[in-house]
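J.: Sending over model-v4.cif (mmCIF, C-alpha atoms and all ligand atoms).
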```cif
data_run
#
loop_
_atom_site.label_atom_id
_atom_site.label_comp_id
_atom_site.auth_asym_id
_atom_site.auth_seq_id
_atom_site.Cartn_x
_atom_site.Cartn_y
_atom_site.Cartn_z
CA MET A 191 -6.64 -18.32 -6.82
CA GLY A 192 -3.10 -18.75 -5.61
CA VAL A 193 -1.50 -16.66 -2.89
CA ARG A 194 -3.11 -13.85 -0.90
CA ALA A 195 -1.07 -10.68 -0.87
CA VAL A 196 -1.62 -7.28 0.68
CA LEU A 197 -0.55 -4.24 -1.33
CA ALA A 198 -0.17 -0.72 0.06
CA LEU A 199 -1.14 2.25 -2.10
CA GLY A 200 -0.09 5.83 -1.44
CA ALA A 201 -0.39 9.12 -3.32
CA ASN A 202 0.12 12.81 -2.61
CA LEU A 203 0.12 14.52 -6.01
CA GLY A 204 -2.65 15.14 -8.53
CA ASP A 205 -6.01 13.77 -7.44
CA PRO A 206 -4.80 11.17 -4.94
CA THR A 207 -8.13 9.54 -4.11
CA ALA A 208 -9.08 9.11 -7.76
CA THR A 209 -5.62 7.74 -8.49
CA LEU A 210 -5.82 5.20 -5.66
CA ARG A 211 -9.23 4.06 -6.86
CA GLN A 212 -8.08 3.67 -10.44
CA ALA A 213 -4.91 1.89 -9.31
CA ALA A 214 -6.99 -0.67 -7.39
CA LEU A 215 -9.12 -1.22 -10.50
CA ASP A 216 -5.99 -1.49 -12.66
CA LEU A 217 -4.57 -4.15 -10.35
CA GLY A 218 -7.86 -6.05 -10.44
CA ALA A 219 -7.91 -5.85 -14.24
CA HIS A 220 -4.65 -7.83 -14.43
CA PRO A 221 -5.50 -11.28 -15.80
CA ARG A 222 -3.68 -12.99 -12.93
CA ILE A 223 -4.70 -10.73 -10.04
CA ASP A 224 -8.06 -10.97 -8.26
CA LEU A 225 -8.99 -7.96 -6.17
CA LEU A 226 -10.47 -9.50 -3.02
CA ARG A 227 -10.85 -6.62 -0.56
CA ALA A 228 -10.11 -2.92 -0.40
CA SER A 229 -9.61 -0.74 2.67
CA PRO A 230 -10.98 2.73 3.09
CA VAL A 231 -8.73 5.63 2.15
CA VAL A 232 -7.05 7.46 5.04
CA ARG A 233 -5.35 10.82 4.96
CA SER A 234 -1.88 10.92 6.51
CA LYS A 235 0.92 13.35 7.26
CA PRO A 236 4.06 12.57 5.22
CA VAL A 237 6.51 10.30 7.00
CA GLY A 238 10.09 11.18 6.11
CA GLY A 239 11.05 12.90 2.88
CA PRO A 240 11.39 16.59 2.13
CA GLU A 241 9.76 19.31 4.21
CA GLY A 242 6.51 20.80 3.00
CA GLN A 243 5.15 17.99 0.82
CA ASP A 244 1.37 17.57 0.79
CA ASP A 245 -0.53 15.10 2.93
CA TYR A 246 -0.80 11.58 1.58
CA TYR A 247 -3.81 9.43 0.94
CA ASN A 248 -3.25 5.78 1.70
CA ALA A 249 -5.14 2.53 1.28
CA VAL A 250 -4.43 -1.18 1.09
CA VAL A 251 -5.93 -3.94 -1.02
CA GLU A 252 -5.93 -7.69 -0.61
CA VAL A 253 -5.39 -9.63 -3.80
CA GLY A 254 -5.28 -13.26 -4.79
CA THR A 255 -2.67 -14.06 -7.38
CA GLU A 256 -0.81 -16.81 -9.14
CA LEU A 257 1.97 -14.39 -10.01
CA SER A 258 5.35 -14.98 -8.39
CA PRO A 259 6.51 -12.26 -5.97
CA PHE A 260 8.69 -10.64 -8.64
CA GLU A 261 5.92 -10.81 -11.22
CA LEU A 262 3.60 -9.15 -8.72
CA LEU A 263 6.21 -6.43 -8.06
CA ARG A 264 6.40 -5.87 -11.80
CA ALA A 265 2.61 -5.59 -12.01
CA CYS A 266 2.67 -3.03 -9.16
CA GLN A 267 5.36 -1.03 -10.94
CA ASP A 268 3.41 -1.17 -14.21
CA VAL A 269 0.42 0.36 -12.41
CA GLU A 270 2.67 3.03 -10.88
CA GLU A 271 3.98 3.86 -14.32
CA ARG A 272 0.51 4.05 -15.78
CA HIS A 273 -0.10 6.81 -13.26
CA HIS A 274 3.05 8.65 -14.29
CA ARG A 275 5.01 7.78 -11.20
CA THR A 276 8.33 9.59 -11.20
CA ARG A 277 11.06 8.73 -8.74
CA THR A 278 13.12 11.80 -7.99
CA GLN A 279 13.66 11.98 -4.27
CA ARG A 280 13.64 9.25 -1.66
CA TRP A 281 10.29 9.43 0.14
CA GLY A 282 9.46 12.50 -1.97
CA PRO A 283 6.04 13.34 -3.41
CA ARG A 284 4.54 10.90 -5.90
CA THR A 285 1.39 10.43 -7.90
CA LEU A 286 1.30 6.77 -6.90
CA ASP A 287 3.29 4.26 -4.90
CA VAL A 288 2.32 0.58 -4.79
CA ASP A 289 4.24 -1.67 -2.40
CA ILE A 290 3.93 -5.36 -1.58
CA VAL A 291 3.30 -5.55 2.17
CA VAL A 292 2.96 -9.33 2.46
CA TYR A 293 2.85 -12.18 -0.01
CA GLY A 294 1.24 -15.10 1.79
CA ASP A 295 3.61 -16.17 4.55
CA LEU A 296 6.66 -15.75 2.37
CA HIS A 297 9.85 -14.19 3.72
CA LEU A 298 12.10 -12.88 1.00
CA ASP A 299 15.15 -10.65 1.23
CA GLU A 300 16.44 -9.91 -2.24
CA PRO A 301 18.09 -6.70 -3.44
CA ASP A 302 14.93 -5.61 -5.31
CA LEU A 303 12.27 -7.15 -3.12
CA THR A 304 11.86 -7.61 0.61
CA VAL A 305 8.67 -9.20 1.96
CA PRO A 306 7.16 -8.55 4.36
CA HIS A 307 7.89 -4.90 3.46
CA LEU A 308 10.69 -3.71 5.73
CA ARG A 309 8.89 -0.69 7.13
CA ALA A 310 5.22 -1.77 6.99
CA HIS A 311 5.12 -2.88 10.65
CA THR A 312 5.97 0.66 11.81
CA ARG A 313 3.68 2.61 9.47
CA ALA A 314 0.23 3.61 10.67
CA PHE A 315 -0.56 4.75 7.12
CA VAL A 316 -0.34 1.07 6.09
CA LEU A 317 -1.49 -0.61 9.31
CA VAL A 318 -4.62 1.46 9.99
CA PRO A 319 -6.27 0.94 6.57
CA TRP A 320 -5.23 -2.71 6.75
CA ALA A 321 -6.86 -3.09 10.18
CA LEU A 322 -9.99 -1.30 8.93
CA MET A 323 -10.17 -3.76 6.01
CA ASP A 324 -9.41 -6.84 8.10
CA GLY A 325 -9.70 -6.54 11.87
CA GLY A 326 -8.12 -9.96 12.39
CA ALA A 327 -5.09 -9.37 10.17
CA ARG A 328 -1.68 -10.48 11.39
CA LEU A 329 1.77 -9.46 10.24
CA GLY A 330 3.92 -12.45 11.12
CA CYS A 331 2.87 -13.30 14.65
CA ARG A 332 1.69 -9.78 15.49
CA SER A 333 -1.78 -8.32 15.31
CA VAL A 334 -2.05 -5.49 12.80
CA VAL A 335 -4.39 -3.61 15.17
CA GLU A 336 -1.77 -3.78 17.94
CA LEU A 337 1.01 -2.70 15.60
CA ALA A 338 -1.15 0.22 14.42
CA ARG A 339 -1.74 1.36 18.00
CA ARG A 340 2.00 1.57 18.58
CA ALA A 341 2.99 3.12 15.24
CA PRO A 342 4.85 6.43 15.68
CA ASP A 343 2.89 8.17 12.89
CA LEU A 344 -0.55 7.23 14.27
CA GLY A 345 -1.19 10.84 15.30
CA GLY A 346 -0.63 11.98 11.70
CA LEU A 347 -3.70 10.18 10.39
CA GLY A 348 -6.69 12.37 9.67
CA PRO A 349 -10.19 11.65 10.93
CA ASP A 350 -11.68 11.62 7.42
CA VAL A 351 -11.96 8.12 5.98
CA THR A 352 -13.54 7.52 2.58
CA PRO A 353 -14.29 4.29 0.70
CA LEU A 354 -11.71 3.29 -1.91
CA LEU A 355 -14.27 1.48 -4.06
CA PRO A 356 -17.83 2.57 -3.29
CA ASP A 357 -19.42 -0.60 -4.67
CA GLY A 358 -16.43 -2.82 -4.95
CA PRO A 359 -14.88 -5.66 -3.01
CA GLY A 360 -14.33 -5.09 0.67
CA THR A 361 -17.32 -2.84 1.10
CA ASP A 362 -19.88 -5.50 1.93
N1 LIG B 1 7.99 -5.12 -0.65
C1 LIG B 1 8.32 -4.25 -1.63
N2 LIG B 1 7.38 -3.64 -2.38
C2 LIG B 1 7.70 -2.77 -3.36
N3 LIG B 1 8.98 -2.45 -3.69
C3 LIG B 1 9.96 -3.04 -2.99
C4 LIG B 1 9.69 -3.96 -1.93
N4 LIG B 1 10.88 -4.39 -1.41
C5 LIG B 1 11.83 -3.78 -2.11
N5 LIG B 1 11.30 -2.96 -3.06
C6 LIG B 1 12.12 -2.17 -3.96
O1 LIG B 1 12.08 -0.85 -3.54
C7 LIG B 1 12.42 -0.06 -4.66
C8 LIG B 1 12.15 1.39 -4.36
O2 LIG B 1 10.80 1.51 -4.14
P1 LIG B 1 10.17 2.93 -3.98
O3 LIG B 1 10.90 3.93 -4.80
O4 LIG B 1 8.69 2.75 -4.22
O5 LIG B 1 10.46 3.23 -2.44
P2 LIG B 1 9.62 4.15 -1.57
O6 LIG B 1 8.20 3.74 -1.75
O7 LIG B 1 9.98 5.57 -1.86
O8 LIG B 1 10.07 3.83 -0.09
P3 LIG B 1 9.58 2.70 0.88
O9 LIG B 1 10.26 1.44 0.41
O10 LIG B 1 10.02 3.16 2.21
O11 LIG B 1 8.06 2.57 0.77
C9 LIG B 1 11.63 -0.70 -5.77
O12 LIG B 1 12.22 -0.48 -7.02
C10 LIG B 1 11.63 -2.17 -5.40
O13 LIG B 1 12.55 -2.91 -6.17
N1 LIG B 2 2.02 9.42 5.02
C1 LIG B 2 2.81 8.79 4.16
N2 LIG B 2 4.14 8.97 4.23
C2 LIG B 2 4.95 8.32 3.37
C3 LIG B 2 4.41 7.45 2.40
C4 LIG B 2 3.01 7.29 2.34
O1 LIG B 2 2.47 6.52 1.49
N3 LIG B 2 2.24 7.96 3.24
N4 LIG B 2 5.24 6.77 1.56
C5 LIG B 2 6.54 6.88 1.69
C6 LIG B 2 7.42 6.06 0.83
O2 LIG B 2 6.86 4.90 0.44
C7 LIG B 2 7.18 7.78 2.63
N5 LIG B 2 6.27 8.48 3.45
#
```
Output the file's structure as structure tokens, nothing else.
T.:
Amino acid sequence: MGVRAVLALGANLGDPTATLRQAALDLGAHPRIDLLRASPVVRSKPVGGPEGQDDYYNAVVEVGTELSPFELLRACQDVEERHHRTRTQRWGPRTLDVDIVVYGDLHLDEPDLTVPHLRAHTRAFVLVPWALMDGGARLGCRSVVELARRAPDLGGLGPDVTPLLPDGPGTD
């Protein structure tokens, strides 16, 4: 099954929850990606970007893959494109964003790909769903639960939490 990777999904245009769900299914439909677990969906205030954009919906999934890190990035971008992702403004609204949070224990710092993701350790909208999916998760040597508690945007997460995949992986 290869390497375990955690991917972060975010959306704030269209029907975000439906898009996140379909994106998880799209990732799992890739011949070389196994969808292992999915977090619940959390609602979050936008971090950065232009004033006045809508709240985001965020989730994470754990996958097993034999793809290389760059092949996995490509697969994530293909799923973004399938959902009509347009990049206009940095941190601006988007129908779908799929980032690689971690890829096994790999550390990579290339122009087009940094893993672990450079900002994941500060983002409650990544850390909270991750901790809900996997209470024992660690990011490097740090507990994801602890990182989530200290994340500056923790107060921007809504109380409503919904399943990403009602009958899918990660819900047992
Ligand atoms: N770990 C990673 N996961 C996904 N993309 C990455 C990663 N590291 C670097 N990138 C690069 O970041 C580029 C810009 O990504 P994107 O436009 O999705 O940024 P963003 O989601 O708006 O911001 P942020 O990186 O803060 O989440 C991508 O084209 C990709 O090459
Ligand atoms: N709440 C929230 N804020 C964001 C998000 C996101 O997914 N959720 N993604 C960003 C760029 O990746 C920038 N800001």
J.: Provide the atom CA of A:Phe260 to atom CA of A:Ala228 distance in Å, to one decimal place.
T.: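 Atom CA of A:Phe260 sits 21.9 Å away from atom CA of A:Ala228.
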J.: Go through chain A and flag each residue having an atom no more than 6 Å from ligand LIG 1 (chain B); for those, report the closest pair of atoms plus their distance in Å to one decimal, using only C-alpha atoms and all ligand atoms, ordered by chain and rising number, as CSV.
T.:
```
residue,atom,partner,partner_atom,distance
A:Arg280,CA,B:LIG1,O7,5.2
A:Trp281,CA,B:LIG1,O7,4.4
A:Asp287,CA,B:LIG1,O4,5.6
A:Asp289,CA,B:LIG1,N2,3.7
A:Ile290,CA,B:LIG1,N2,3.9
A:Val291,CA,B:LIG1,N1,5.5
A:Asp302,CA,B:LIG1,O13,3.7
A:Leu303,CA,B:LIG1,N4,3.5
A:Thr304,CA,B:LIG1,N4,3.9
A:Val305,CA,B:LIG1,N1,4.9
A:His307,CA,B:LIG1,N1,4.1
```
J.: Find the residues near A:Thr285: any atom within 7 Å, counting all atoms listed in the file, skip ones fewer than 5 places away on the same chain, and give them as a list of chain:residue names.
T.: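 Final neighbour list, sorted by chain and number: A:Ala201, A:Asn202, A:Leu203, A:Gly204, A:Pro206, A:His273, A:His274, A:Arg275.
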J.: Could you dump the residues just selected with C-alpha atoms as a short mmCIF file (atom, residue, chain, number, x, y, z; two decimals), in the frame of the given file?
T.:
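After the write, result.cif holds the following:
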```cif
data_model
loop_
_atom_site.label_atom_id
_atom_site.label_comp_id
_atom_site.auth_asym_id
_atom_site.auth_seq_id
_atom_site.Cartn_x
_atom_site.Cartn_y
_atom_site.Cartn_z
CA ALA A 201 -0.39 9.12 -3.32
CA ASN A 202 0.12 12.81 -2.61
CA LEU A 203 0.12 14.52 -6.01
CA GLY A 204 -2.65 15.14 -8.53
CA PRO A 206 -4.80 11.17 -4.94
CA HIS A 273 -0.10 6.81 -13.26
CA HIS A 274 3.05 8.65 -14.29
CA ARG A 275 5.01 7.78 -11.20
#
```
J.: Which residue, A:Gln212, A:Asn248, A:Thr352, A:Thr255, has the smallest gap to ligand LIG 2 (chain B) when you use only C-alpha atoms and all ligand atoms?
T.: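 Between A:Gln212, A:Asn248, A:Thr352, A:Thr255, the residue approaching ligand LIG 2 (chain B) most closely is A:Asn248.
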J.: When distances are computed from only C-alpha atoms, which of A:Arg284, A:Asp350, A:Leu199, A:Arg272 shows the smallest separation from A:Gln243?
T.: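 Closest residue, counting only C-alpha atoms: A:Arg284.
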J.: Could you tell me how far atom CA of A:Val269 sits from atom CA of A:Glu252, in Å to one decimal place?
T.: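 Between these atoms lies a distance of 15.6 Å.
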J.: Can you tell me which residues come within 7 Å of ligand LIG 2 (chain B) when counting all atoms listed in the file, ideally as number ranges by chain?
T.: A: 199-201, 234-239, 245-248, 281-282, 287, 315
J.: Since we have the selection now, will you write its residues out, keeping C-alpha atoms, as a PDB file, in the frame of the given file?
T.:
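As a result, result-v9.pdb now contains:
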```pdb
ATOM      1  CA  LEU A 199      -1.140   2.250  -2.100  1.00  0.00           C
ATOM      2  CA  GLY A 200      -0.090   5.830  -1.440  1.00  0.00           C
ATOM      3  CA  ALA A 201      -0.390   9.120  -3.320  1.00  0.00           C
ATOM      4  CA  SER A 234      -1.880  10.920   6.510  1.00  0.00           C
ATOM      5  CA  LYS A 235       0.920  13.350   7.260  1.00  0.00           C
ATOM      6  CA  PRO A 236       4.060  12.570   5.220  1.00  0.00           C
ATOM      7  CA  VAL A 237       6.510  10.300   7.000  1.00  0.00           C
ATOM      8  CA  GLY A 238      10.090  11.180   6.110  1.00  0.00           C
ATOM      9  CA  GLY A 239      11.050  12.900   2.880  1.00  0.00           C
ATOM     10  CA  ASP A 245      -0.530  15.100   2.930  1.00  0.00           C
ATOM     11  CA  TYR A 246      -0.800  11.580   1.580  1.00  0.00           C
ATOM     12  CA  TYR A 247      -3.810   9.430   0.940  1.00  0.00           C
ATOM     13  CA  ASN A 248      -3.250   5.780   1.700  1.00  0.00           C
ATOM     14  CA  TRP A 281      10.290   9.430   0.140  1.00  0.00           C
ATOM     15  CA  GLY A 282       9.460  12.500  -1.970  1.00  0.00           C
ATOM     16  CA  ASP A 287       3.290   4.260  -4.900  1.00  0.00           C
ATOM     17  CA  PHE A 315      -0.560   4.750   7.120  1.00  0.00           C
TER      18      PHE A 315
END
```
J.: Taking all atoms of stretch 214-226 of chain A that the file lists and extending 6 Å past them on each side, where is the centre of the axis-aligned box and how long are its edges? Answer in Å to one decimal, as lines of an AutoDock Vina configuration file.
T.:
```
center_x = -7.1
center_y = -6.8
center_z = -9.4
size_x = 18.8
size_y = 24.3
size_z = 24.8
```
J.: Within 12 Å of A:Ala310, counting only C-alpha atoms, which residues qualify if same-chain residues fewer than 6 places away don't, as a short mmCIF file (atom, residue, chain, number, x, y, z; two decimals) with C-alpha atoms, in the coordinates of the input?
T.:
```cif
data_model
loop_
_atom_site.label_atom_id
_atom_site.label_comp_id
_atom_site.auth_asym_id
_atom_site.auth_seq_id
_atom_site.Cartn_x
_atom_site.Cartn_y
_atom_site.Cartn_z
CA VAL A 196 -1.62 -7.28 0.68
CA LEU A 197 -0.55 -4.24 -1.33
CA ALA A 198 -0.17 -0.72 0.06
CA LEU A 199 -1.14 2.25 -2.10
CA VAL A 250 -4.43 -1.18 1.09
CA ASP A 289 4.24 -1.67 -2.40
CA ILE A 290 3.93 -5.36 -1.58
CA VAL A 291 3.30 -5.55 2.17
CA VAL A 292 2.96 -9.33 2.46
CA THR A 304 11.86 -7.61 0.61
CA VAL A 316 -0.34 1.07 6.09
CA LEU A 317 -1.49 -0.61 9.31
CA VAL A 318 -4.62 1.46 9.99
CA PRO A 319 -6.27 0.94 6.57
CA TRP A 320 -5.23 -2.71 6.75
CA ARG A 328 -1.68 -10.48 11.39
CA LEU A 329 1.77 -9.46 10.24
CA GLY A 330 3.92 -12.45 11.12
CA VAL A 334 -2.05 -5.49 12.80
CA LEU A 337 1.01 -2.70 15.60
CA ALA A 338 -1.15 0.22 14.42
CA ALA A 341 2.99 3.12 15.24
CA PRO A 342 4.85 6.43 15.68
CA ASP A 343 2.89 8.17 12.89
#
```
J.: With only C-alpha atoms as the atoms that count, which of A:Arg211, A:Pro259, A:Arg339, A:Val251 lies nearest to A:Leu298?
T.: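 Smallest separation from A:Leu298 among the options: A:Pro259.
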J.: Looking at A:Leu347, A:Leu354, A:Val253, A:Ala195, which one is nearest to A:His220, with distances taken over only C-alpha atoms?
T.: A:Val253
J.: With all atoms listed in the file as the atoms that count, which of A:Gly242, A:Val288, A:Gly254, A:Glu300 lies nearest to A:Gln267?
T.: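 Of A:Gly242, A:Val288, A:Gly254, A:Glu300, the one nearest A:Gln267 is A:Val288, counting all atoms listed in the file.
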J.: Considering all atoms listed in the file, state which residue in the set A:Tyr293, A:Ala327, A:Leu286, A:Arg309 is at the smallest distance from A:Thr209.
T.: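 Answer, going by the shortest atom-to-atom distance: A:Leu286.
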J.: How many Å lie between atom CA of A:Ala314 and atom CA of A:Gly346, rounded to one decimal?
T.: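 Between atom CA of A:Ala314 and atom CA of A:Gly346 the gap is 8.5 Å.
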J.: Using all atoms listed in the file, what does the table of stretch 255-318 of chain A residues within 12 Å of stretch 221-227 of chain A look like, with each row giving the shortest atom pair and its distance in Å to one decimal, sorted by chain and ascending number, as JSON lines?
T.:
```
{"residue": "A:Thr255", "atom": "CA", "partner": "A:Ile223", "partner_atom": "CA", "distance": 4.7}
{"residue": "A:Glu256", "atom": "CA", "partner": "A:Arg222", "partner_atom": "CA", "distance": 6.1}
{"residue": "A:Leu257", "atom": "CA", "partner": "A:Arg222", "partner_atom": "CA", "distance": 6.5}
{"residue": "A:Ser258", "atom": "CA", "partner": "A:Arg222", "partner_atom": "CA", "distance": 10.3}
{"residue": "A:Glu261", "atom": "CA", "partner": "A:Arg222", "partner_atom": "CA", "distance": 10.0}
{"residue": "A:Leu262", "atom": "CA", "partner": "A:Ile223", "partner_atom": "CA", "distance": 8.6}
{"residue": "A:Leu263", "atom": "CA", "partner": "A:Ile223", "partner_atom": "CA", "distance": 11.9}
{"residue": "A:Ala265", "atom": "CA", "partner": "A:Ile223", "partner_atom": "CA", "distance": 9.2}
{"residue": "A:Cys266", "atom": "CA", "partner": "A:Ile223", "partner_atom": "CA", "distance": 10.7}
```
J.: Please rebuild stretch 204-216 of chain A with N, CA and C atoms and give the result as a CSV table (one decimal), keeping the file's coordinate frame.
T.:
```csv
chain,number,residue,atom,x,y,z
A,204,GLY,N,-1.5,15.3,-7.6
A,204,GLY,CA,-2.6,15.1,-8.5
A,204,GLY,C,-3.9,15.0,-7.7
A,205,ASP,N,-4.7,14.1,-8.1
A,205,ASP,CA,-6.0,13.8,-7.4
A,205,ASP,C,-5.8,12.4,-6.8
A,206,PRO,N,-5.3,12.4,-5.5
A,206,PRO,CA,-4.8,11.2,-4.9
A,206,PRO,C,-5.9,10.1,-4.8
A,207,THR,N,-7.1,10.5,-4.4
A,207,THR,CA,-8.1,9.5,-4.1
A,207,THR,C,-8.6,8.9,-5.4
A,208,ALA,N,-8.7,9.7,-6.5
A,208,ALA,CA,-9.1,9.1,-7.8
A,208,ALA,C,-8.0,8.2,-8.3
A,209,THR,N,-6.7,8.6,-8.0
A,209,THR,CA,-5.6,7.7,-8.5
A,209,THR,C,-5.6,6.4,-7.8
A,210,LEU,N,-5.8,6.5,-6.4
A,210,LEU,CA,-5.8,5.2,-5.7
A,210,LEU,C,-6.9,4.3,-6.1
A,211,ARG,N,-8.1,4.9,-6.4
A,211,ARG,CA,-9.2,4.1,-6.9
A,211,ARG,C,-8.9,3.4,-8.2
A,212,GLN,N,-8.4,4.2,-9.1
A,212,GLN,CA,-8.1,3.7,-10.4
A,212,GLN,C,-7.0,2.6,-10.4
A,213,ALA,N,-6.0,2.9,-9.5
A,213,ALA,CA,-4.9,1.9,-9.3
A,213,ALA,C,-5.5,0.5,-8.8
A,214,ALA,N,-6.4,0.6,-7.9
A,214,ALA,CA,-7.0,-0.7,-7.4
A,214,ALA,C,-7.7,-1.4,-8.5
A,215,LEU,N,-8.4,-0.6,-9.4
A,215,LEU,CA,-9.1,-1.2,-10.5
A,215,LEU,C,-8.1,-1.8,-11.5
A,216,ASP,N,-7.0,-1.0,-11.7
A,216,ASP,CA,-6.0,-1.5,-12.7
A,216,ASP,C,-5.4,-2.8,-12.2
```
